[in-house]
Structures are given as C-alpha cells and as structure tokens.
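A.B. asks: Have a peek at coords-v8.pdb (PDB, C-alpha atoms).
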ATOM      1  CA  LYS A 180      53.883  79.686 -26.592
ATOM      2  CA  GLY A 181      57.229  78.420 -27.751
ATOM      3  CA  ASN A 182      58.289  76.132 -24.881
ATOM      4  CA  THR A 183      56.210  77.977 -22.260
ATOM      5  CA  VAL A 184      52.894  76.661 -20.950
ATOM      6  CA  MET A 185      50.531  79.649 -20.988
ATOM      7  CA  ASN A 186      47.540  78.230 -19.086
ATOM      8  CA  THR A 187      46.741  76.117 -16.068
ATOM      9  CA  PRO A 188      45.769  72.641 -17.356
ATOM     10  CA  ALA A 189      42.546  71.149 -16.022
ATOM     11  CA  TRP A 190      40.329  68.274 -17.131
ATOM     12  CA  VAL A 191      37.074  69.499 -18.692
ATOM     13  CA  ALA A 192      34.137  67.944 -20.496
ATOM     14  CA  GLN A 193      34.390  69.905 -23.750
ATOM     15  CA  ASP A 194      36.123  69.410 -27.064
ATOM     16  CA  THR A 195      37.037  73.066 -27.791
ATOM     17  CA  PHE A 196      39.554  75.475 -26.265
ATOM     18  CA  THR A 197      39.533  79.250 -26.714
ATOM     19  CA  TYR A 198      42.364  81.696 -26.058
ATOM     20  CA  THR A 199      43.045  85.316 -27.053
ATOM     21  CA  PRO A 200      46.794  86.017 -27.354
ATOM     22  CA  THR A 201      48.033  89.373 -26.043
ATOM     23  CA  GLU A 202      51.509  89.171 -27.553
ATOM     24  CA  ALA A 203      53.218  87.863 -30.629
ATOM     25  CA  GLY A 204      54.650  84.368 -30.751
ATOM     26  CA  SER A 205      54.201  80.779 -31.964
ATOM     27  CA  TYR A 206      51.296  79.043 -30.233
ATOM     28  CA  ALA A 207      50.459  75.354 -30.210
ATOM     29  CA  LEU A 208      47.878  73.413 -28.183
ATOM     30  CA  ASN A 209      48.688  70.101 -26.564
ATOM     31  CA  VAL A 210      45.514  68.085 -25.946
ATOM     32  CA  SER A 211      45.067  65.057 -23.710
ATOM     33  CA  VAL A 212      41.890  62.972 -23.907
ATOM     34  CA  LYS A 213      41.073  60.240 -21.437
ATOM     35  CA  ASP A 214      38.380  57.658 -20.954
ATOM     36  CA  SER A 215      37.965  54.804 -18.555
ATOM     37  CA  SER A 216      40.610  52.741 -20.253
ATOM     38  CA  GLY A 217      43.417  55.227 -20.887
ATOM     39  CA  THR A 218      44.729  58.623 -22.036
ATOM     40  CA  ALA A 219      45.761  59.832 -25.502
ATOM     41  CA  THR A 220      47.727  63.039 -26.267
ATOM     42  CA  LYS A 221      48.219  65.039 -29.446
ATOM     43  CA  THR A 222      49.640  68.514 -30.281
ATOM     44  CA  SER A 223      48.120  70.894 -32.812
ATOM     45  CA  ALA A 224      49.884  72.615 -35.664
ATOM     46  CA  VAL A 225      51.609  75.889 -34.744
ATOM     47  CA  THR A 226      49.685  79.188 -35.032
ATOM     48  CA  THR A 227      51.902  82.235 -35.553
ATOM     49  CA  VAL A 228      50.571  85.382 -33.898
ATOM     50  CA  THR A 229      51.932  88.700 -35.143
ATOM     51  CA  VAL A 230      51.458  92.276 -33.898
ATOM     52  CA  ALA A 231      50.700  95.187 -36.206
ATOM     53  CA  PRO A 232      53.658  97.595 -36.257
ATOM     54  CA  LEU A 233      53.421 100.871 -34.362
ATOM     55  CA  VAL A 234      52.176 103.691 -36.613
ATOM     56  CA  ILE A 235      51.546 107.389 -35.931
ATOM     57  CA  SER A 236      48.948 108.402 -38.481
ATOM     58  CA  ALA A 237      48.389 112.017 -37.402
ATOM     59  CA  VAL A 238      49.159 114.726 -34.847
ATOM     60  CA  THR A 239      46.259 117.166 -35.124
ATOM     61  CA  PRO A 240      45.911 120.597 -33.454
ATOM     62  CA  SER A 241      42.458 121.823 -32.457
ATOM     63  CA  SER A 242      43.065 124.879 -34.657
ATOM     64  CA  THR A 243      45.744 126.181 -37.019
ATOM     65  CA  ALA A 244      45.099 129.855 -36.185
ATOM     66  CA  VAL A 245      44.166 131.282 -32.767
ATOM     67  CA  PRO A 246      44.603 134.530 -30.811
ATOM     68  CA  VAL A 247      46.935 134.754 -27.816
ATOM     69  CA  GLY A 248      45.326 133.270 -24.701
ATOM     70  CA  THR A 249      43.370 130.527 -26.517
ATOM     71  CA  GLU A 250      44.074 126.926 -25.509
ATOM     72  CA  ILE A 251      45.361 124.594 -28.236
ATOM     73  CA  ILE A 252      44.790 120.832 -27.921
ATOM     74  CA  TRP A 253      46.842 118.399 -30.013
ATOM     75  CA  THR A 254      45.571 114.827 -30.465
ATOM     76  CA  VAL A 255      47.746 111.883 -31.510
ATOM     77  CA  ALA A 256      46.227 109.163 -33.685
ATOM     78  CA  ASP A 257      48.296 105.960 -33.544
ATOM     79  CA  SER A 258      47.766 102.245 -33.947
ATOM     80  CA  GLY A 259      49.519  98.909 -33.533
ATOM     81  CA  GLY A 260      52.532  98.385 -31.348
ATOM     82  CA  VAL A 261      53.566  95.892 -28.677
ATOM     83  CA  GLY A 262      52.677  96.334 -25.013
ATOM     84  CA  THR A 263      52.022  99.675 -23.311
ATOM     85  CA  LYS A 264      52.598 102.835 -25.328
ATOM     86  CA  SER A 265      54.116 106.054 -23.962
ATOM     87  CA  TYR A 266      54.069 109.576 -25.405
ATOM     88  CA  GLN A 267      56.550 112.451 -25.259
ATOM     89  CA  TYR A 268      55.781 115.979 -26.471
ATOM     90  CA  LYS A 269      58.114 118.765 -27.604
ATOM     91  CA  LEU A 270      56.367 122.074 -28.210
ATOM     92  CA  TYR A 271      58.080 124.547 -30.521
ATOM     93  CA  ASN A 272      57.532 128.251 -31.058
ATOM     94  CA  GLY A 273      59.510 128.739 -34.231
ATOM     95  CA  SER A 274      62.713 126.725 -33.672
ATOM     96  CA  ALA A 275      62.748 127.016 -29.857
ATOM     97  CA  ILE A 276      61.461 124.235 -27.574
ATOM     98  CA  ILE A 277      59.292 125.916 -24.933
ATOM     99  CA  ASN A 278      58.359 122.984 -22.676
ATOM    100  CA  THR A 279      60.158 120.257 -20.734
ATOM    101  CA  PRO A 280      59.530 116.925 -22.523
ATOM    102  CA  VAL A 281      58.515 113.970 -20.326
ATOM    103  CA  TRP A 282      57.134 110.527 -21.116
ATOM    104  CA  GLY A 283      53.503 109.877 -20.185
ATOM    105  CA  SER A 284      50.410 107.866 -21.076
ATOM    106  CA  ALA A 285      48.171 110.635 -22.528
ATOM    107  CA  ASN A 286      47.670 110.860 -26.281
ATOM    108  CA  THR A 287      46.694 114.550 -26.057
ATOM    109  CA  PHE A 288      48.679 117.673 -25.220
ATOM    110  CA  ARG A 289      47.242 121.040 -24.162
ATOM    111  CA  TYR A 290      48.846 124.481 -24.120
ATOM    112  CA  THR A 291      47.643 128.082 -23.831
ATOM    113  CA  PRO A 292      50.070 130.448 -25.622
ATOM    114  CA  THR A 293      50.782 133.808 -23.987
ATOM    115  CA  VAL A 294      52.835 135.231 -26.845
ATOM    116  CA  ALA A 295      52.334 135.342 -30.589
ATOM    117  CA  GLY A 296      54.271 132.950 -32.808
ATOM    118  CA  THR A 297      54.169 129.799 -34.910
ATOM    119  CA  TYR A 298      53.642 126.717 -32.759
ATOM    120  CA  ALA A 299      54.159 123.069 -33.731
ATOM    121  CA  LEU A 300      54.171 119.903 -31.618
ATOM    122  CA  SER A 301      56.648 117.064 -32.145
ATOM    123  CA  VAL A 302      55.390 113.769 -30.729
ATOM    124  CA  SER A 303      57.382 110.630 -29.938
ATOM    125  CA  VAL A 304      55.510 107.392 -29.316
ATOM    126  CA  LYS A 305      57.212 104.251 -28.039
ATOM    127  CA  ASP A 306      56.150 100.703 -27.287
ATOM    128  CA  SER A 307      58.259  97.823 -26.000
ATOM    129  CA  THR A 308      60.240  97.564 -29.250
ATOM    130  CA  THR A 309      59.947 100.784 -31.277
ATOM    131  CA  THR A 310      60.047 104.579 -30.959
ATOM    132  CA  LEU A 311      58.522 106.797 -33.668
ATOM    133  CA  SER A 312      58.175 110.567 -34.037
ATOM    134  CA  LYS A 313      55.876 112.860 -35.994
ATOM    135  CA  THR A 314      55.311 116.647 -36.045
ATOM    136  CA  SER A 315      51.975 118.424 -36.259
ATOM    137  CA  ALA A 316      50.951 121.109 -38.684
ATOM    138  CA  ALA A 317      51.811 124.613 -37.484
ATOM    139  CA  THR A 318      49.367 126.752 -35.512
ATOM    140  CA  THR A 319      49.730 130.501 -35.963
ATOM    141  CA  VAL A 320      49.096 132.424 -32.738
ATOM    142  CA  SER A 321      48.438 136.119 -33.244
ATOM    143  CA  ALA A 322      48.151 139.043 -30.861
ATOM    144  CA  PRO A 323      45.355 141.584 -31.332
ATOM    145  CA  ALA A 324      46.586 144.945 -32.614
ATOM    146  CA  LEU A 325      47.578 147.489 -29.990
ATOM    147  CA  THR A 326      44.886 150.160 -29.593
ATOM    148  CA  ILE A 327      44.654 153.246 -27.365
ATOM    149  CA  THR A 328      41.066 153.163 -26.161
ATOM    150  CA  SER A 329      41.057 156.436 -24.249
ATOM    151  CA  ILE A 330      43.170 159.206 -22.638
ATOM    152  CA  THR A 331      41.117 160.680 -19.819
ATOM    153  CA  PRO A 332      42.037 163.731 -17.647
ATOM    154  CA  SER A 333      41.141 163.720 -13.967
ATOM    155  CA  SER A 334      39.129 166.893 -14.541
ATOM    156  CA  ALA A 335      37.999 168.942 -17.512
ATOM    157  CA  ALA A 336      38.477 172.249 -15.649
ATOM    158  CA  VAL A 337      40.799 173.119 -12.723
ATOM    159  CA  MET A 338      42.406 176.122 -11.059
ATOM    160  CA  THR A 339      46.094 176.916 -11.613
ATOM    161  CA  GLY A 340      48.353 175.057  -9.193
ATOM    162  CA  THR A 341      46.136 171.963  -9.338
ATOM    163  CA  TYR A 342      47.444 168.525 -10.229
ATOM    164  CA  LEU A 343      46.064 167.050 -13.430
ATOM    165  CA  THR A 344      46.299 163.313 -14.065
ATOM    166  CA  TRP A 345      45.686 161.722 -17.431
ATOM    167  CA  THR A 346      44.907 157.994 -17.526
ATOM    168  CA  VAL A 347      45.537 155.868 -20.620
ATOM    169  CA  VAL A 348      43.489 152.750 -21.393
ATOM    170  CA  THR A 349      44.817 150.364 -24.047
ATOM    171  CA  SER A 350      43.857 147.006 -25.501
ATOM    172  CA  GLY A 351      45.627 144.337 -27.522
ATOM    173  CA  GLY A 352      49.349 144.226 -28.135
ATOM    174  CA  THR A 353      51.812 141.650 -26.894
ATOM    175  CA  GLY A 354      54.485 141.558 -24.238
ATOM    176  CA  THR A 355      55.166 144.511 -21.907
ATOM    177  CA  LEU A 356      53.608 147.751 -23.082
ATOM    178  CA  GLN A 357      55.471 151.050 -22.701
ATOM    179  CA  THR A 358      53.989 154.521 -22.898
ATOM    180  CA  GLN A 359      55.417 157.950 -23.768
ATOM    181  CA  TYR A 360      53.520 161.179 -23.018
ATOM    182  CA  ALA A 361      53.684 164.487 -24.894
ATOM    183  CA  LEU A 362      52.193 167.450 -22.969
ATOM    184  CA  TYR A 363      50.811 170.396 -24.935
ATOM    185  CA  GLN A 364      49.677 173.850 -23.866
ATOM    186  CA  GLY A 365      47.375 174.709 -26.676
ATOM    187  CA  THR A 366      49.432 173.812 -29.721
ATOM    188  CA  THR A 367      52.783 174.290 -27.984
ATOM    189  CA  LEU A 368      54.710 171.194 -26.914
ATOM    190  CA  LEU A 369      55.808 171.653 -23.292
ATOM    191  CA  SER A 370      57.495 168.324 -22.576
ATOM    192  CA  THR A 371      57.901 164.746 -23.696
ATOM    193  CA  SER A 372      58.304 161.977 -21.136
ATOM    194  CA  ALA A 373      60.667 159.047 -21.331
ATOM    195  CA  TRP A 374      59.239 155.656 -22.315
ATOM    196  CA  GLY A 375      57.889 153.780 -19.283
ATOM    197  CA  THR A 376      55.322 151.228 -18.136
ATOM    198  CA  GLY A 377      53.014 153.650 -16.315
ATOM    199  CA  SER A 378      49.470 154.231 -17.545
ATOM    200  CA  THR A 379      49.093 157.699 -15.961
ATOM    201  CA  PHE A 380      50.731 161.106 -16.444
ATOM    202  CA  THR A 381      50.596 163.920 -13.866
ATOM    203  CA  TYR A 382      51.224 167.661 -14.304
ATOM    204  CA  THR A 383      50.594 170.749 -12.192
ATOM    205  CA  ALA A 384      48.685 173.375 -14.175
ATOM    206  CA  SER A 385      50.795 176.539 -13.939
ATOM    207  CA  ASN A 386      48.929 178.742 -16.397
ATOM    208  CA  ALA A 387      45.350 179.442 -17.256
ATOM    209  CA  CYS A 388      45.039 177.711 -20.599
ATOM    210  CA  GLY A 389      44.105 174.434 -22.244
ATOM    211  CA  TYR A 390      46.332 171.410 -21.646
ATOM    212  CA  ARG A 391      46.275 168.133 -23.518
ATOM    213  CA  VAL A 392      48.316 164.956 -23.534
ATOM    214  CA  GLN A 393      49.143 162.946 -26.600
TER
END
If you convert what's in this file into structure tokens, what do you get?

C.D. replies:
Amino acid sequence: KGNTVMNTPAWVAQDTFTYTPTEAGSYALNVSVKDSSGTATKTSAVTTVTVAPLVISAVTPSSTAVPVGTEIIWTVADSGGVGTKSYQYKLYNGSAIINTPVWGSANTFRYTPTVAGTYALSVSVKDSTTTLSKTSAATTVSAPALTITSITPSSAAVMTGTYLTWTVVTSGGTGTLQTQYALYQGTTLLSTSAWGTGSTFTYTASNACGYRVQ
C-alpha cells in the first residue's frame, strides 16, 4: 500500500494472491517467480481502494407519542465511514438538553421520560476523519389527566368529639400534586385548608350533623 509492504512474503506454489483491504489507499502487488535456473520479478498495476463516506440515514424513535413512564428507544441507521465509529447523544425536551452527552459505541439510545413534553434526540456520529449530526423526529410525551378517584371518610357515623379522617385517592397528573380541602356542615362551608401535599384531612366532629369534604 503506497510504499508499505502489507503482508509477510513467503514462497508458495500457486499463481494467485487474494487480499481484502480494510482501509483506503493505492495497492499494488509485487510478484517474484523462481525456477531452478533463476528468479523473475514484476509489479502489477495500481488498484485504488476507496471508502464510502460516512452517512447518517435516519434517527428513528420507537414511537412518536407515548404516556409518561414509557421507555423510548432511538435507533441510528448509518453507513460508510473509515475505521471505528462512535456515537454521541443529546436528548432534548423542548429546547433544553436533559442528559450528559458522552461518546460511546452503541447505535441505540434509551430513555424513560418522567415528565410530559416534546422529546427529540440529536445524534453525532464520528469516524477517523468525519463527524456528522442528525436529529430525530419529535416524540410527544403526555401525562394522563388528573382524576380524583375517591374521597373516603374513616367512618360513616361517629359520636361528637370523634376524629374524622377523609382520605383522597387520585390518579394521573404530572409533577407534585397538591390538595386543598373544603369542609362542609350540611351545606354550610366551615373551613378551607391551605394547598398542601397531604392526601388526608382530619376534623373533630363538634356537632351532631352531616359533614362532608370537597
């Protein structure tokens, strides 16, 4: 290859030579033939070996719409290049990068979103001579709607002076949920709590009547 001998010469009893180049360059074969009376040498014409350029054809997410908590897998389709390829991934939610990019050998990237948003993956691929980048289509991650499943009192009937505790069960939503309680005696509003993260509300029944929490 050029002026470099690529193989270890040895005398053999065959008139063909096979070689598979692993890198670009100009290759020529120098052949020596000997018999009992002498040795003759001749060099072949040059064969130019080229490498297909590095190309990123696609960065494909496993889905373009998922609920919070569902893993997304992006796959990079690339071809060509010289030598070993490396991959770097930048994951965006909107315009914010939410991971720490590092170079590695995997052509896939996995992430499980914990918040709703619009996610896209920017991929950089490099070989020994070139670095290219391409961004995936966006994946919309949605949170299920917030729903109050139940508000349950600790007892349906108590004596005055007894603590009552109401427990709230919710589903869906995103981020930290906060709850506010409105206590009624019949149709009369007795109190409204401040917003907080607790899922229970406690009150001491002071009168013989019906209490409810909203």

A.B. asks: So that I can check the surroundings of stretch 282-294 of chain A, please list as a ChimeraX atom specification every protein, DNA and RNA residue that reaches within 12 Å of it, counting all atoms listed in the file and ignoring chain neighbours fewer than 6 positions away.

C.D. replies: /A:235,237-242,244-258,263-273,300-306,310,315,318-323,351-355

A.B. asks: Go through A:Thr371, A:Gly377, A:Arg391, A:Thr314 and flag the residue nearest A:Ser333, using all atoms listed in the file for the distances.

C.D. replies: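 Checking each candidate against A:Ser333, we get A:Arg391 as the closest.
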
A.B. asks: So how far away is atom CA of A:Thr328 from atom CA of A:Leu368, in Å?

C.D. replies: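 These atoms are spaced 22.6 Å apart.
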
A.B. asks: Please, what is the axis-aligned box for every listed atom of stretch 205-211 of chain A with 8 Å on each side, as centre and edge lengths in Å to one decimal, as JSON?

C.D. replies:
{"center_x": 49.6, "center_y": 72.9, "center_z": -27.8, "size_x": 25.1, "size_y": 31.7, "size_z": 24.3}

A.B. asks: Choose the residue, out of A:Ile277, A:Tyr342, A:Thr349, A:Gly389, that has the smallest atom-to-atom separation from A:Ile327; count all atoms listed in the file.

C.D. replies: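 Looking only at the distances to A:Ile327, the closest residue turns out to be A:Thr349.
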
A.B. asks: Neighbouring residues of A:Thr226 were defined as those with any atom within 7 Å, considering all atoms listed in the file; residues of the same chain fewer than 3 positions away were excluded. Please report them as a PDB file with C-alpha atoms, keeping the file's coordinate frame.

C.D. replies:
ATOM      1  CA  SER A 205      54.201  80.779 -31.964  1.00  0.00           C
ATOM      2  CA  TYR A 206      51.296  79.043 -30.233  1.00  0.00           C
ATOM      3  CA  ALA A 207      50.459  75.354 -30.210  1.00  0.00           C
TER       4      ALA A 207
END

A.B. asks: Translate the PyMOL selection byres ((chain A and resi 183) around 12), as applied to the file shown, into an explicit residue set as a CSV table (one decimal) with C-alpha atoms, in the coordinates of the input.

C.D. replies:
chain,number,residue,atom,x,y,z
A,180,LYS,CA,53.9,79.7,-26.6
A,181,GLY,CA,57.2,78.4,-27.8
A,182,ASN,CA,58.3,76.1,-24.9
A,184,VAL,CA,52.9,76.7,-21.0
A,185,MET,CA,50.5,79.6,-21.0
A,186,ASN,CA,47.5,78.2,-19.1
A,187,THR,CA,46.7,76.1,-16.1
A,204,GLY,CA,54.6,84.4,-30.8
A,205,SER,CA,54.2,80.8,-32.0
A,206,TYR,CA,51.3,79.0,-30.2
A,207,ALA,CA,50.5,75.4,-30.2
A,208,LEU,CA,47.9,73.4,-28.2
A,209,ASN,CA,48.7,70.1,-26.6

A.B. asks: Give me the result of the PyMOL selection byres ((chain A and resi 341) around 10) on this file, residue by residue, as a PyMOL selection string.

C.D. replies: chain A and resi 336-340+342-344+382-385

A.B. asks: So that I have them on file, write out the residues from the current selection with C-alpha atoms, as an mmCIF file, in the frame of the given file.

C.D. replies:
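The resulting file, again-v1.cif, is shown below:
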data_model
loop_
_atom_site.group_PDB
_atom_site.id
_atom_site.type_symbol
_atom_site.label_atom_id
_atom_site.label_comp_id
_atom_site.auth_asym_id
_atom_site.auth_seq_id
_atom_site.Cartn_x
_atom_site.Cartn_y
_atom_site.Cartn_z
ATOM 1 C CA ALA A 336 38.477 172.249 -15.649
ATOM 2 C CA VAL A 337 40.799 173.119 -12.723
ATOM 3 C CA MET A 338 42.406 176.122 -11.059
ATOM 4 C CA THR A 339 46.094 176.916 -11.613
ATOM 5 C CA GLY A 340 48.353 175.057 -9.193
ATOM 6 C CA TYR A 342 47.444 168.525 -10.229
ATOM 7 C CA LEU A 343 46.064 167.050 -13.430
ATOM 8 C CA THR A 344 46.299 163.313 -14.065
ATOM 9 C CA TYR A 382 51.224 167.661 -14.304
ATOM 10 C CA THR A 383 50.594 170.749 -12.192
ATOM 11 C CA ALA A 384 48.685 173.375 -14.175
ATOM 12 C CA SER A 385 50.795 176.539 -13.939
#

A.B. asks: Just to confirm, what's the straight-line distance from atom CA of A:Asn386 to atom CA of A:Thr331 in Å (one decimal)?

C.D. replies: 20.0 Å

A.B. asks: A:Thr195: which residues within 12 Å, counting all atoms listed in the file, same-chain residues fewer than 3 positions away excluded, as a tab-separated table (two decimals) with C-alpha atoms, in the coordinates of the input?

C.D. replies:
chain	number	residue	atom	x	y	z
A	191	VAL	CA	37.07	69.50	-18.69
A	192	ALA	CA	34.14	67.94	-20.50
A	198	TYR	CA	42.36	81.70	-26.06
A	208	LEU	CA	47.88	73.41	-28.18
A	210	VAL	CA	45.51	68.08	-25.95
A	212	VAL	CA	41.89	62.97	-23.91

A.B. asks: Run the PyMOL selection byres ((chain A and resi 308) around 10) against the file shown and list the residues it catches, as JSON, numbers by chain.

C.D. replies: {"A": [232, 233, 260, 261, 262, 305, 306, 307, 309, 310]}

A.B. asks: Please measure the separation of atom CA of A:Thr367 and atom CA of A:Val392, giving the value in Å to one decimal.

C.D. replies: 11.3 Å

A.B. asks: Smallest atom-to-atom distance to A:Trp190: which of A:Ser211, A:Ala387, A:Ser372, A:Gly217, using only C-alpha atoms?

C.D. replies: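 Selected residue with least distance to A:Trp190: A:Ser211.
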